[in-house]
>>> print(open('structure_36.cif').read())   # mmCIF, C-alpha atoms, pLDDT in the B column; chains and numbers go by the auth columns
data_model
#
loop_
_atom_site.group_PDB
_atom_site.id
_atom_site.type_symbol
_atom_site.label_atom_id
_atom_site.label_comp_id
_atom_site.label_asym_id
_atom_site.label_seq_id
_atom_site.Cartn_x
_atom_site.Cartn_y
_atom_site.Cartn_z
_atom_site.B_iso_or_equiv
_atom_site.auth_seq_id
_atom_site.auth_asym_id
ATOM 1 C CA MET A 1 111.912 89.783 116.604 50.00 1 A
ATOM 2 C CA ILE A 2 115.374 89.566 118.146 60.00 2 A
ATOM 3 C CA ARG A 3 115.494 85.821 117.470 74.00 3 A
ATOM 4 C CA LEU A 4 115.208 86.447 113.738 72.00 4 A
ATOM 5 C CA ALA A 5 118.249 88.731 113.669 75.00 5 A
ATOM 6 C CA PRO A 6 120.849 85.927 113.312 80.00 6 A
ATOM 7 C CA VAL A 7 118.794 84.306 110.548 82.00 7 A
ATOM 8 C CA ALA A 8 118.500 87.635 108.728 79.00 8 A
ATOM 9 C CA LEU A 9 122.241 88.238 109.040 78.00 9 A
ATOM 10 C CA LEU A 10 122.982 84.767 107.706 82.00 10 A
ATOM 11 C CA ALA A 11 120.622 85.274 104.763 81.00 11 A
ATOM 12 C CA LEU A 12 122.192 88.661 104.078 77.00 12 A
ATOM 13 C CA ALA A 13 125.690 87.142 104.152 78.00 13 A
ATOM 14 C CA VAL A 14 124.608 84.522 101.614 80.00 14 A
ATOM 15 C CA LEU A 15 122.884 87.015 99.305 77.00 15 A
ATOM 16 C CA VAL A 16 125.520 89.775 99.318 75.00 16 A
ATOM 17 C CA PRO A 17 127.822 88.194 96.713 77.00 17 A
ATOM 18 C CA LEU A 18 124.846 87.614 94.405 76.00 18 A
ATOM 19 C CA CYS A 19 123.816 91.262 94.137 75.00 19 A
ATOM 20 C CA THR A 20 125.573 94.420 93.095 81.00 20 A
ATOM 21 C CA GLY A 21 125.561 97.640 95.062 79.00 21 A
ATOM 22 C CA THR A 22 122.926 99.024 92.721 85.00 22 A
ATOM 23 C CA VAL A 23 120.455 96.293 93.656 82.00 23 A
ATOM 24 C CA TRP A 24 121.053 96.780 97.380 80.00 24 A
ATOM 25 C CA GLY A 25 120.747 100.553 97.042 86.00 25 A
ATOM 26 C CA ASN A 26 117.429 100.286 95.227 89.00 26 A
ATOM 27 C CA LEU A 27 116.161 97.718 97.734 85.00 27 A
ATOM 28 C CA LEU A 28 117.128 100.016 100.594 88.00 28 A
ATOM 29 C CA ILE A 29 115.261 102.946 99.041 93.00 29 A
ATOM 30 C CA VAL A 30 112.145 100.794 98.533 93.00 30 A
ATOM 31 C CA LEU A 31 112.258 99.588 102.154 89.00 31 A
ATOM 32 C CA ILE A 32 112.684 103.140 103.464 93.00 32 A
ATOM 33 C CA ALA A 33 109.760 104.334 101.329 94.00 33 A
ATOM 34 C CA CYS A 34 107.575 101.470 102.593 91.00 34 A
ATOM 35 C CA GLY A 35 108.532 102.274 106.181 89.00 35 A
ATOM 36 C CA ILE A 36 107.625 105.934 105.712 92.00 36 A
ATOM 37 C CA PHE A 37 104.336 105.000 104.014 92.00 37 A
ATOM 38 C CA PHE A 38 103.191 102.507 106.650 89.00 38 A
ATOM 39 C CA GLY A 39 104.421 104.758 109.459 88.00 39 A
ATOM 40 C CA THR A 40 102.390 107.637 108.068 90.00 40 A
ATOM 41 C CA VAL A 41 99.300 105.486 107.571 88.00 41 A
ATOM 42 C CA SER A 42 99.475 104.231 111.160 84.00 42 A
ATOM 43 C CA LEU A 43 99.616 107.733 112.668 84.00 43 A
ATOM 44 C CA GLY A 44 96.552 108.501 114.760 76.00 44 A
ATOM 45 C CA ASN A 45 95.053 105.020 114.483 71.00 45 A
ATOM 46 C CA SER A 46 95.486 104.074 118.123 67.00 46 A
ATOM 47 C CA GLU A 47 92.745 105.254 120.459 63.00 47 A
ATOM 48 C CA THR A 48 93.292 104.699 124.139 62.00 48 A
ATOM 49 C CA THR A 49 90.495 104.342 126.656 60.00 49 A
ATOM 50 C CA GLU A 50 91.397 107.721 128.168 62.00 50 A
ATOM 51 C CA ASP A 51 90.913 109.378 124.781 58.00 51 A
ATOM 52 C CA LEU A 52 87.550 107.713 124.299 58.00 52 A
ATOM 53 C CA GLN A 53 86.383 108.681 127.784 62.00 53 A
ATOM 54 C CA ALA A 54 87.555 112.277 127.362 60.00 54 A
ATOM 55 C CA LEU A 55 85.455 112.848 124.247 58.00 55 A
ATOM 56 C CA PRO A 56 82.193 114.699 124.929 64.00 56 A
ATOM 57 C CA ASP A 57 78.946 112.994 124.082 61.00 57 A
ATOM 58 C CA ASN A 58 77.528 115.106 121.243 59.00 58 A
ATOM 59 C CA LYS A 59 74.308 113.170 120.760 59.00 59 A
ATOM 60 C CA SER A 60 71.319 115.505 120.602 53.00 60 A
#
>>> encode(input="structure_36.cif", output="structure tokens")
Amino acid sequence: MIRLAPVALLALAVLVPLCTGTVWGNLLIVLIACGIFFGTVSLGNSETTEDLQALPDNKS
């Protein structure tokens, strides 16, 4: 992920003159909303082996 940072900065430097502040502001809001959405969806999805072993066996 760190290796892509210079490429992203270069792409951003090329695209900045092509867009107005309104476009970048709207894009930022969309990215923040997507981050909140996917962060919320991923909450509680990871089950560790300790959690699975700690659960009681409720089979009757």
>>> atom_distance(input="structure_36.cif", atom1="atom CA of Leu10 of chain A", atom2="atom CA of Ile29 of chain A")
21.6 Å
>>> atom_distance(input="structure_36.cif", atom1="atom CA of Trp24 of chain A", atom2="atom CA of Ala5 of chain A")
18.4 Å
>>> atom_distance(input="structure_36.cif", atom1="atom CA of Leu28 of chain A", atom2="atom CA of Leu15 of chain A")
14.3 Å
>>> axis_aligned_box(input="structure_36.cif", around="segment 5-22 of chain A", padding_each_side="5 Å", output="JSON")
{"center_x": 123.0, "center_y": 91.7, "center_z": 103.2, "size_x": 19.6, "size_y": 24.7, "size_z": 30.9}
>>> residues_near_point(input="structure_36.cif", point="(121.7, 95.4, 98.5)", cutoff="12 Å", atoms="only C-alpha atoms", output="VMD selection string")
chain A and resid 11 to 31
>>> build_atoms(input="structure_36.cif", residues="segment 26-49 of chain A", atoms="N, CA and C atoms", output="PDB file, in the frame of the given file")
ATOM      1  N   ASN A  26     118.834 100.171  95.596  1.00 89.00           N
ATOM      2  CA  ASN A  26     117.429 100.286  95.227  1.00 89.00           C
ATOM      3  C   ASN A  26     116.528  99.590  96.242  1.00 89.00           C
ATOM      4  N   LEU A  27     116.936  98.436  96.726  1.00 85.00           N
ATOM      5  CA  LEU A  27     116.161  97.718  97.734  1.00 85.00           C
ATOM      6  C   LEU A  27     116.061  98.539  99.016  1.00 85.00           C
ATOM      7  N   LEU A  28     117.139  99.177  99.400  1.00 88.00           N
ATOM      8  CA  LEU A  28     117.128 100.016 100.594  1.00 88.00           C
ATOM      9  C   LEU A  28     116.163 101.191 100.440  1.00 88.00           C
ATOM     10  N   ILE A  29     116.168 101.822  99.289  1.00 93.00           N
ATOM     11  CA  ILE A  29     115.261 102.946  99.041  1.00 93.00           C
ATOM     12  C   ILE A  29     113.805 102.487  99.081  1.00 93.00           C
ATOM     13  N   VAL A  30     113.516 101.327  98.505  1.00 93.00           N
ATOM     14  CA  VAL A  30     112.145 100.794  98.533  1.00 93.00           C
ATOM     15  C   VAL A  30     111.719 100.495  99.965  1.00 93.00           C
ATOM     16  N   LEU A  31     112.596  99.900 100.757  1.00 89.00           N
ATOM     17  CA  LEU A  31     112.258  99.588 102.154  1.00 89.00           C
ATOM     18  C   LEU A  31     112.046 100.859 102.974  1.00 89.00           C
ATOM     19  N   ILE A  32     112.859 101.869 102.752  1.00 93.00           N
ATOM     20  CA  ILE A  32     112.684 103.140 103.464  1.00 93.00           C
ATOM     21  C   ILE A  32     111.361 103.781 103.075  1.00 93.00           C
ATOM     22  N   ALA A  33     111.033 103.757 101.787  1.00 94.00           N
ATOM     23  CA  ALA A  33     109.760 104.334 101.329  1.00 94.00           C
ATOM     24  C   ALA A  33     108.574 103.585 101.924  1.00 94.00           C
ATOM     25  N   CYS A  34     108.657 102.258 101.981  1.00 91.00           N
ATOM     26  CA  CYS A  34     107.575 101.470 102.593  1.00 91.00           C
ATOM     27  C   CYS A  34     107.456 101.783 104.080  1.00 91.00           C
ATOM     28  N   GLY A  35     108.570 101.929 104.761  1.00 89.00           N
ATOM     29  CA  GLY A  35     108.532 102.274 106.181  1.00 89.00           C
ATOM     30  C   GLY A  35     107.896 103.630 106.416  1.00 89.00           C
ATOM     31  N   ILE A  36     108.230 104.603 105.584  1.00 92.00           N
ATOM     32  CA  ILE A  36     107.625 105.934 105.712  1.00 92.00           C
ATOM     33  C   ILE A  36     106.132 105.864 105.422  1.00 92.00           C
ATOM     34  N   PHE A  37     105.748 105.108 104.381  1.00 92.00           N
ATOM     35  CA  PHE A  37     104.336 105.000 104.014  1.00 92.00           C
ATOM     36  C   PHE A  37     103.529 104.364 105.142  1.00 92.00           C
ATOM     37  N   PHE A  38     103.958 103.197 105.615  1.00 89.00           N
ATOM     38  CA  PHE A  38     103.191 102.507 106.650  1.00 89.00           C
ATOM     39  C   PHE A  38     103.255 103.241 107.986  1.00 89.00           C
ATOM     40  N   GLY A  39     104.350 103.941 108.250  1.00 88.00           N
ATOM     41  CA  GLY A  39     104.421 104.758 109.459  1.00 88.00           C
ATOM     42  C   GLY A  39     103.456 105.919 109.413  1.00 88.00           C
ATOM     43  N   THR A  40     103.324 106.529 108.232  1.00 90.00           N
ATOM     44  CA  THR A  40     102.390 107.637 108.068  1.00 90.00           C
ATOM     45  C   THR A  40     100.948 107.162 108.155  1.00 90.00           C
ATOM     46  N   VAL A  41     100.658 106.026 107.547  1.00 88.00           N
ATOM     47  CA  VAL A  41      99.300 105.486 107.571  1.00 88.00           C
ATOM     48  C   VAL A  41      98.879 105.128 109.000  1.00 88.00           C
ATOM     49  N   SER A  42      99.825 104.664 109.802  1.00 84.00           N
ATOM     50  CA  SER A  42      99.475 104.231 111.160  1.00 84.00           C
ATOM     51  C   SER A  42      99.363 105.380 112.155  1.00 84.00           C
ATOM     52  N   LEU A  43      99.721 106.604 111.747  1.00 84.00           N
ATOM     53  CA  LEU A  43      99.616 107.733 112.668  1.00 84.00           C
ATOM     54  C   LEU A  43      98.160 108.006 113.025  1.00 84.00           C
ATOM     55  N   GLY A  44      97.886 108.143 114.304  1.00 76.00           N
ATOM     56  CA  GLY A  44      96.552 108.501 114.760  1.00 76.00           C
ATOM     57  C   GLY A  44      95.555 107.365 114.764  1.00 76.00           C
ATOM     58  N   ASN A  45      95.984 106.138 114.499  1.00 71.00           N
ATOM     59  CA  ASN A  45      95.053 105.020 114.483  1.00 71.00           C
ATOM     60  C   ASN A  45      94.796 104.431 115.860  1.00 71.00           C
ATOM     61  N   SER A  46      95.655 104.684 116.805  1.00 67.00           N
ATOM     62  CA  SER A  46      95.486 104.074 118.123  1.00 67.00           C
ATOM     63  C   SER A  46      94.681 105.006 119.024  1.00 67.00           C
ATOM     64  N   GLU A  47      93.573 104.494 119.532  1.00 63.00           N
ATOM     65  CA  GLU A  47      92.745 105.254 120.459  1.00 63.00           C
ATOM     66  C   GLU A  47      92.789 104.569 121.814  1.00 63.00           C
ATOM     67  N   THR A  48      93.241 105.272 122.807  1.00 62.00           N
ATOM     68  CA  THR A  48      93.292 104.699 124.139  1.00 62.00           C
ATOM     69  C   THR A  48      91.955 104.915 124.838  1.00 62.00           C
ATOM     70  N   THR A  49      91.761 104.217 125.931  1.00 60.00           N
ATOM     71  CA  THR A  49      90.495 104.342 126.656  1.00 60.00           C
ATOM     72  C   THR A  49      90.352 105.731 127.263  1.00 60.00           C
TER      73      THR A  49
END
